[in-house]
Amino acid sequence: MGADLIECDGEADHVHLLIEYPPKRSVSVLVNALKGTSSRMLRSARPDIAARFPDGVLWSPSYLAISAGGAPLDTIKQYVEQQRASLRP
């Protein structure tokens, strides 16, 4: 799809992906492709995983996409860490 994964991180219930993609590519199409492909790969590698979920659905239909507008990676990381810290009790 002409996209490059720059960074990947996550927690038990979600992932953070920093992806560079061409402006002509729709974010929703990219996200749906990532969710669909990763779901198929997980089901193939770990058939037991789907049984853990009520409907066999691995991913929520929702997502959050934020544009970084070419900011340096260090600046983005610092921003994400600040946001994460502000959400902690």
# chains A, B, ... in the order shown; residues from 1 in each chain; ligands from 1

$ select_by_dssp --residues "range 2-89 of chain A" --states "strand (DSSP E or B)" --output "ChimeraX atom specification"
/A:4-11,14-20

$ residues_around --residues "range 35-38 of chain A" --least-positions-apart "3" --cutoff "9 Å" --atoms "only C-alpha atoms" --output "list of chain:residue names"
A:Leu30, A:Val31, A:Asn32, A:Met41, A:Leu42, A:Arg43, A:Leu58, A:Trp59, A:Pro61

$ write_last_selection --atoms "N, CA and C atoms" --output "PDB file, in the first residue's frame"
ATOM      1  N   LEU A  30      -6.225   2.067   5.051  1.00  0.00           N
ATOM      2  CA  LEU A  30      -4.986   1.556   5.623  1.00  0.00           C
ATOM      3  C   LEU A  30      -5.253   0.810   6.934  1.00  0.00           C
ATOM      4  N   VAL A  31      -6.036   1.410   7.822  1.00  0.00           N
ATOM      5  CA  VAL A  31      -6.349   0.774   9.105  1.00  0.00           C
ATOM      6  C   VAL A  31      -7.103  -0.536   8.896  1.00  0.00           C
ATOM      7  N   ASN A  32      -8.108  -0.515   8.017  1.00  0.00           N
ATOM      8  CA  ASN A  32      -8.866  -1.743   7.755  1.00  0.00           C
ATOM      9  C   ASN A  32      -7.983  -2.842   7.179  1.00  0.00           C
ATOM     10  N   MET A  41      -3.541 -13.359  10.065  1.00  0.00           N
ATOM     11  CA  MET A  41      -2.254 -13.926  10.459  1.00  0.00           C
ATOM     12  C   MET A  41      -2.300 -14.500  11.876  1.00  0.00           C
ATOM     13  N   LEU A  42      -2.949 -13.787  12.788  1.00  0.00           N
ATOM     14  CA  LEU A  42      -3.073 -14.286  14.157  1.00  0.00           C
ATOM     15  C   LEU A  42      -3.899 -15.563  14.215  1.00  0.00           C
ATOM     16  N   ARG A  43      -4.995 -15.597  13.480  1.00  0.00           N
ATOM     17  CA  ARG A  43      -5.838 -16.793  13.465  1.00  0.00           C
ATOM     18  C   ARG A  43      -5.085 -17.994  12.889  1.00  0.00           C
ATOM     19  N   LEU A  58     -11.364 -10.117  16.656  1.00  0.00           N
ATOM     20  CA  LEU A  58     -10.117  -9.793  17.348  1.00  0.00           C
ATOM     21  C   LEU A  58      -9.923  -8.298  17.563  1.00  0.00           C
ATOM     22  N   TRP A  59     -10.426  -7.481  16.662  1.00  0.00           N
ATOM     23  CA  TRP A  59     -10.183  -6.041  16.745  1.00  0.00           C
ATOM     24  C   TRP A  59     -11.497  -5.279  16.866  1.00  0.00           C
ATOM     25  N   PRO A  61     -13.878  -2.169  15.978  1.00  0.00           N
ATOM     26  CA  PRO A  61     -13.991  -1.424  14.717  1.00  0.00           C
ATOM     27  C   PRO A  61     -13.467   0.006  14.833  1.00  0.00           C
TER      28      PRO A  61
END

$ select_by_dssp --residues "chain A" --states "helix (DSSP H, G or I)" --output "ChimeraX atom specification"
/A:27-45,48-51,73-87

$ residues_around --residues "Gly69 in chain A" --least-positions-apart "2" --cutoff "12 Å" --atoms "only C-alpha atoms" --output "list in words"
Leu18, Ile19, Glu20, Tyr21, Pro22, Pro23, Ile66, Ser67, Ala71, Pro72, Leu73, Thr75 and Ile76 of chain A

$ write_last_selection --atoms "C-alpha atoms" --output "mmCIF file, in the first residue's frame"
data_model
loop_
_atom_site.group_PDB
_atom_site.id
_atom_site.type_symbol
_atom_site.label_atom_id
_atom_site.label_comp_id
_atom_site.auth_asym_id
_atom_site.auth_seq_id
_atom_site.Cartn_x
_atom_site.Cartn_y
_atom_site.Cartn_z
ATOM 1 C CA LEU A 18 3.720 5.300 13.606
ATOM 2 C CA ILE A 19 3.182 4.858 9.892
ATOM 3 C CA GLU A 20 4.426 6.930 6.989
ATOM 4 C CA TYR A 21 2.039 6.661 4.070
ATOM 5 C CA PRO A 22 1.364 8.572 0.858
ATOM 6 C CA PRO A 23 -1.235 11.371 1.117
ATOM 7 C CA ILE A 66 -3.411 11.501 14.459
ATOM 8 C CA SER A 67 -1.341 13.308 11.860
ATOM 9 C CA ALA A 71 7.488 16.263 13.056
ATOM 10 C CA PRO A 72 10.752 14.644 14.202
ATOM 11 C CA LEU A 73 10.288 11.199 15.760
ATOM 12 C CA THR A 75 9.153 15.122 19.309
ATOM 13 C CA ILE A 76 6.344 12.664 18.610
#

$ residues_around --residues "Asp9 in chain A" --least-positions-apart "5" --cutoff "12 Å" --atoms "only C-alpha atoms" --output "MDAnalysis selection string"
chainID A and resid 14:19 77 80:81

$ atom_distance --atom1 "CA of Arg52 in chain A" --atom2 "CA of Glu11 in chain A"
17.8 Å

$ atom_distance --atom1 "CA of Ala65 in chain A" --atom2 "CA of Gln78 in chain A"
17.3 Å

$ atom_distance --atom1 "CA of Asp55 in chain A" --atom2 "CA of Asp13 in chain A"
16.8 Å

$ closest_residue --among "A:Arg40, A:Arg46, A:Lys24, A:Arg84" --to "Met1 in chain A" --atoms "only C-alpha atoms"
A:Lys24

$ decode --residues "range 18-30 of chain A" --atoms "N, CA and C atoms" --output "PDB file, in the first residue's frame"
ATOM      1  N   LEU A  18       3.332   4.085  14.314  1.00  0.00           N
ATOM      2  CA  LEU A  18       3.720   5.300  13.606  1.00  0.00           C
ATOM      3  C   LEU A  18       3.989   4.861  12.175  1.00  0.00           C
ATOM      4  N   ILE A  19       3.131   5.313  11.276  1.00  0.00           N
ATOM      5  CA  ILE A  19       3.182   4.858   9.892  1.00  0.00           C
ATOM      6  C   ILE A  19       3.347   6.056   8.973  1.00  0.00           C
ATOM      7  N   GLU A  20       4.268   5.922   8.038  1.00  0.00           N
ATOM      8  CA  GLU A  20       4.426   6.930   6.989  1.00  0.00           C
ATOM      9  C   GLU A  20       3.734   6.382   5.744  1.00  0.00           C
ATOM     10  N   TYR A  21       2.797   7.138   5.224  1.00  0.00           N
ATOM     11  CA  TYR A  21       2.039   6.661   4.070  1.00  0.00           C
ATOM     12  C   TYR A  21       1.791   7.821   3.108  1.00  0.00           C
ATOM     13  N   PRO A  22       1.573   7.511   1.842  1.00  0.00           N
ATOM     14  CA  PRO A  22       1.364   8.572   0.858  1.00  0.00           C
ATOM     15  C   PRO A  22       0.035   9.289   1.098  1.00  0.00           C
ATOM     16  N   PRO A  23      -0.020  10.598   0.866  1.00  0.00           N
ATOM     17  CA  PRO A  23      -1.235  11.371   1.117  1.00  0.00           C
ATOM     18  C   PRO A  23      -2.436  10.901   0.301  1.00  0.00           C
ATOM     19  N   LYS A  24      -2.197  10.214  -0.798  1.00  0.00           N
ATOM     20  CA  LYS A  24      -3.313   9.735  -1.618  1.00  0.00           C
ATOM     21  C   LYS A  24      -4.023   8.537  -0.981  1.00  0.00           C
ATOM     22  N   ARG A  25      -3.385   7.922   0.019  1.00  0.00           N
ATOM     23  CA  ARG A  25      -3.946   6.739   0.677  1.00  0.00           C
ATOM     24  C   ARG A  25      -4.890   7.179   1.794  1.00  0.00           C
ATOM     25  N   SER A  26      -6.069   6.597   1.838  1.00  0.00           N
ATOM     26  CA  SER A  26      -7.048   6.873   2.887  1.00  0.00           C
ATOM     27  C   SER A  26      -6.633   6.182   4.184  1.00  0.00           C
ATOM     28  N   VAL A  27      -6.704   6.911   5.296  1.00  0.00           N
ATOM     29  CA  VAL A  27      -6.352   6.331   6.590  1.00  0.00           C
ATOM     30  C   VAL A  27      -7.271   5.154   6.909  1.00  0.00           C
ATOM     31  N   SER A  28      -8.560   5.302   6.642  1.00  0.00           N
ATOM     32  CA  SER A  28      -9.498   4.223   6.966  1.00  0.00           C
ATOM     33  C   SER A  28      -9.196   2.953   6.171  1.00  0.00           C
ATOM     34  N   VAL A  29      -8.816   3.086   4.917  1.00  0.00           N
ATOM     35  CA  VAL A  29      -8.460   1.918   4.098  1.00  0.00           C
ATOM     36  C   VAL A  29      -7.196   1.263   4.661  1.00  0.00           C
ATOM     37  N   LEU A  30      -6.225   2.067   5.051  1.00  0.00           N
ATOM     38  CA  LEU A  30      -4.986   1.556   5.623  1.00  0.00           C
ATOM     39  C   LEU A  30      -5.253   0.810   6.934  1.00  0.00           C
TER      40      LEU A  30
END
